[in-house]
Structures are given as C-alpha cells and as structure tokens.
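As stored in coords-v7.txt (compact mmCIF, C-alpha atoms):
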# COMPACT_ATOMS: atom_id res chain seq x y z
CA MET J 1 -9.93 -24.99 -24.96
CA PRO J 2 -7.07 -25.21 -22.42
CA ALA J 3 -7.72 -24.85 -18.71
CA PRO J 4 -6.99 -21.41 -17.25
CA PRO J 5 -3.78 -21.08 -15.22
CA PRO J 6 -4.14 -21.27 -11.43
CA SER J 7 -4.60 -17.93 -9.75
CA ALA J 8 -2.54 -16.54 -6.91
CA TYR J 9 -5.26 -17.52 -4.46
CA THR J 10 -5.32 -21.24 -5.16
CA THR J 11 -3.84 -23.56 -2.60
CA GLN J 12 -1.57 -26.53 -3.20
CA HIS J 13 -4.54 -28.85 -2.84
CA GLY J 14 -6.41 -27.53 -5.82
CA GLY J 15 -8.23 -24.25 -5.44
CA GLY J 16 -10.53 -22.80 -2.88
CA GLN J 17 -10.86 -19.56 -1.02
CA PRO J 18 -7.83 -17.44 -0.16
CA SER J 19 -6.64 -17.69 3.41
CA CYS J 20 -7.19 -14.89 5.87
CA PHE J 21 -3.47 -14.13 5.92
CA SER J 22 -3.32 -13.77 2.12
CA LYS J 23 -6.33 -11.45 2.25
CA MET J 24 -4.56 -9.35 4.90
CA LYS J 25 -1.41 -9.21 2.78
CA MET J 26 -3.43 -8.04 -0.20
CA GLY J 27 -5.18 -5.43 1.95
CA PHE J 28 -1.83 -4.17 3.20
CA MET J 29 -0.43 -3.91 -0.31
CA ILE J 30 -3.47 -2.04 -1.62
CA GLY J 31 -3.40 0.30 1.37
CA PHE J 32 0.34 0.81 0.99
CA CYS J 33 -0.09 1.83 -2.65
CA VAL J 34 -2.94 4.22 -1.84
CA GLY J 35 -0.97 5.71 1.06
CA MET J 36 2.09 6.17 -1.13
CA ALA J 37 0.05 7.99 -3.76
CA SER J 38 -1.60 10.29 -1.23
CA GLY J 39 1.77 10.88 0.45
CA ALA J 40 3.25 11.90 -2.88
CA LEU J 41 0.44 14.37 -3.53
CA PHE J 42 0.11 15.92 -0.09
CA GLY J 43 3.83 15.76 0.75
CA GLY J 44 4.85 17.13 -2.62
CA PHE J 45 2.53 20.10 -2.47
CA SER J 46 3.46 20.78 1.15
CA CYS J 47 7.19 20.70 0.43
CA LEU J 48 6.83 22.92 -2.61
CA ARG J 49 4.81 25.37 -0.54
CA TYR J 50 7.66 25.53 1.98
CA GLY J 51 10.10 26.25 -0.83
CA MET J 52 12.10 23.01 -0.75
CA ARG J 53 14.09 22.09 -3.84
CA GLY J 54 16.44 19.35 -4.99
CA ARG J 55 17.63 16.64 -2.63
CA GLU J 56 15.74 18.03 0.35
CA LEU J 57 12.47 17.88 -1.61
CA VAL J 58 13.03 14.30 -2.80
CA GLN J 59 14.04 13.03 0.64
CA THR J 60 11.14 14.67 2.43
CA VAL J 61 8.55 13.56 -0.13
CA GLY J 62 9.97 10.03 -0.06
CA LYS J 63 9.75 9.90 3.72
CA THR J 64 6.18 11.19 3.62
CA MET J 65 5.25 8.58 1.03
CA VAL J 66 6.64 5.67 3.04
CA GLN J 67 5.03 6.90 6.26
CA GLY J 68 1.66 7.37 4.59
CA GLY J 69 1.90 4.00 2.89
CA GLY J 70 2.83 2.17 6.07
CA THR J 71 0.10 3.81 8.09
CA PHE J 72 -2.68 3.30 5.59
CA GLY J 73 -1.48 -0.20 4.73
CA THR J 74 -1.57 -1.20 8.40
CA PHE J 75 -5.12 0.09 8.82
CA MET J 76 -6.24 -1.72 5.66
CA ALA J 77 -4.65 -4.97 6.85
CA VAL J 78 -6.32 -4.68 10.26
CA GLY J 79 -9.67 -3.91 8.64
CA THR J 80 -9.31 -6.90 6.35
CA GLY J 81 -8.37 -9.11 9.29
CA ILE J 82 -11.48 -8.04 11.16
CA ARG J 83 -13.62 -9.02 8.18
CA CYS J 84 -12.10 -12.54 7.90

Let me see the structure of the file written as structure tokens.
Amino acid sequence: MPAPPPSAYTTQHGGGQPSCFSKMKMGFMIGFCVGMASGALFGGFSCLRYGMRGRELVQTVGKTMVQGGGTFGTFMAVGTGIRC
C-alpha cells in the first residue's frame, strides 16, 4: 500500500504539528467564509426589505459580505492566536 501524500500541515523537515501562523491563517479563512455567508443572508434580506434591485442590490450585498467576512475572520484569527 503506498504512503499517503503529505498534508498541508507538514513541514519541509518531515511532518509535525502545524505552526501557529498556519493555524491563524486557517482560522481566518474559516471565519471569512462564515462571515461571507452570514453577510449574504443578513445583507440580502435587509436590502430586499429596503426595496433595492439590480446593481444596487448586488453592490450592497457584496460590500456587506466582504465586511462581515473580514470582521469575523479577524476575530477567528485572533482567537486562534490566543489558543496557540
């Protein structure tokens, strides 16, 4: 049976635990994705309630998604850094 391929967390020196920085990057990415999803839901419903349509709707929801993703991603990265 062949050996499994190296994972994204292995180092150049042959395995081991992921570094604190790579854990923080992963925390940021997970938080960014969760923030984008919640921004799409809450921003989309809010914009539709205000009667936005077309380009205005897409731009406003997009801005809400990026803001929510950045905020939540930053908090997740900080929380992961505290746990390291």

Close residues, region 80-83 of chain J itself excluded, 9 Å, only C-alpha atoms, min 3 positions apart in chain, as a list in words:
Cys20, Phe21, Lys23, Met24, Lys25, Met26, Gly27, Phe28, Phe75, Met76 and Ala77 of chain J

Report, in Å with one decimal, the straight-line distance from CA of Gly51 (chain J) to CA of Gly70 (chain J).
26.1 Å

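Put simply, CA of Val58 (chain J) is 19.9 Å away from CA of Thr71 (chain J).
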
Around all of region 30-49 of chain J's listed atoms, make the axis-aligned box with 4 Å on each side and tell me centre and edge lengths in Å to one decimal, as AutoDock Vina command-line options.
--center_x 1.9 --center_y 11.7 --center_z -1.2 --size_x 18.7 --size_y 35.4 --size_z 13.1

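In this model, the gap between CA of Phe72 (chain J) and CA of Val34 (chain J) comes to 7.5 Å.
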
List every protein, DNA or RNA residue with an atom no more than 12 Å from (-0.5, 5.6, 4.2) in the file's coordinates, counting all atoms listed in the file, and format the result as a VMD selection string.
chain J and resid 28 to 43 63 to 77

Some atoms are missing, so please complete region 45-66 of chain J with N, CA and C atoms and return it as an mmCIF file, keeping the file's coordinate frame.
data_model
loop_
_atom_site.group_PDB
_atom_site.id
_atom_site.type_symbol
_atom_site.label_atom_id
_atom_site.label_comp_id
_atom_site.auth_asym_id
_atom_site.auth_seq_id
_atom_site.Cartn_x
_atom_site.Cartn_y
_atom_site.Cartn_z
ATOM 1 N N PHE J 45 3.054 18.737 -2.504
ATOM 2 C CA PHE J 45 2.530 20.100 -2.470
ATOM 3 C C PHE J 45 2.982 20.849 -1.209
ATOM 4 N N SER J 46 3.036 20.144 -0.096
ATOM 5 C CA SER J 46 3.460 20.780 1.150
ATOM 6 C C SER J 46 4.924 21.223 1.065
ATOM 7 N N CYS J 47 5.777 20.348 0.537
ATOM 8 C CA CYS J 47 7.190 20.700 0.430
ATOM 9 C C CYS J 47 7.422 21.830 -0.559
ATOM 10 N N LEU J 48 6.684 21.818 -1.649
ATOM 11 C CA LEU J 48 6.830 22.920 -2.610
ATOM 12 C C LEU J 48 6.339 24.231 -2.018
ATOM 13 N N ARG J 49 5.312 24.155 -1.185
ATOM 14 C CA ARG J 49 4.810 25.370 -0.540
ATOM 15 C C ARG J 49 5.845 25.960 0.418
ATOM 16 N N TYR J 50 6.615 25.068 1.072
ATOM 17 C CA TYR J 50 7.660 25.530 1.980
ATOM 18 C C TYR J 50 8.928 25.963 1.261
ATOM 19 N N GLY J 51 8.964 25.775 -0.051
ATOM 20 C CA GLY J 51 10.100 26.250 -0.830
ATOM 21 C C GLY J 51 11.252 25.266 -0.913
ATOM 22 N N MET J 52 11.021 23.996 -0.670
ATOM 23 C CA MET J 52 12.100 23.010 -0.750
ATOM 24 C C MET J 52 12.396 22.708 -2.214
ATOM 25 N N ARG J 53 13.658 22.433 -2.493
ATOM 26 C CA ARG J 53 14.090 22.090 -3.840
ATOM 27 C C ARG J 53 15.148 21.000 -3.758
ATOM 28 N N GLY J 54 15.332 20.292 -4.854
ATOM 29 C CA GLY J 54 16.440 19.350 -4.990
ATOM 30 C C GLY J 54 16.355 18.155 -4.064
ATOM 31 N N ARG J 55 17.507 17.832 -3.474
ATOM 32 C CA ARG J 55 17.630 16.640 -2.630
ATOM 33 C C ARG J 55 16.718 16.705 -1.418
ATOM 34 N N GLU J 56 16.601 17.872 -0.823
ATOM 35 C CA GLU J 56 15.740 18.030 0.350
ATOM 36 C C GLU J 56 14.275 17.704 0.010
ATOM 37 N N LEU J 57 13.829 18.149 -1.154
ATOM 38 C CA LEU J 57 12.470 17.880 -1.610
ATOM 39 C C LEU J 57 12.245 16.382 -1.812
ATOM 40 N N VAL J 58 13.173 15.725 -2.499
ATOM 41 C CA VAL J 58 13.030 14.300 -2.800
ATOM 42 C C VAL J 58 13.052 13.467 -1.520
ATOM 43 N N GLN J 59 13.955 13.785 -0.602
ATOM 44 C CA GLN J 59 14.040 13.030 0.640
ATOM 45 C C GLN J 59 12.795 13.209 1.499
ATOM 46 N N THR J 60 12.306 14.413 1.590
ATOM 47 C CA THR J 60 11.140 14.670 2.430
ATOM 48 C C THR J 60 9.881 14.058 1.822
ATOM 49 N N VAL J 61 9.713 14.164 0.512
ATOM 50 C CA VAL J 61 8.550 13.560 -0.130
ATOM 51 C C VAL J 61 8.621 12.033 -0.032
ATOM 52 N N GLY J 62 9.804 11.473 -0.200
ATOM 53 C CA GLY J 62 9.970 10.030 -0.060
ATOM 54 C C GLY J 62 9.627 9.534 1.326
ATOM 55 N N LYS J 63 10.070 10.281 2.345
ATOM 56 C CA LYS J 63 9.750 9.900 3.720
ATOM 57 C C LYS J 63 8.255 9.997 3.979
ATOM 58 N N THR J 64 7.623 11.027 3.459
ATOM 59 C CA THR J 64 6.180 11.190 3.620
ATOM 60 C C THR J 64 5.422 10.070 2.921
ATOM 61 N N MET J 65 5.901 9.657 1.753
ATOM 62 C CA MET J 65 5.250 8.580 1.030
ATOM 63 C C MET J 65 5.323 7.258 1.786
ATOM 64 N N VAL J 66 6.484 6.934 2.317
ATOM 65 C CA VAL J 66 6.640 5.670 3.040
ATOM 66 C C VAL J 66 5.824 5.686 4.335
#
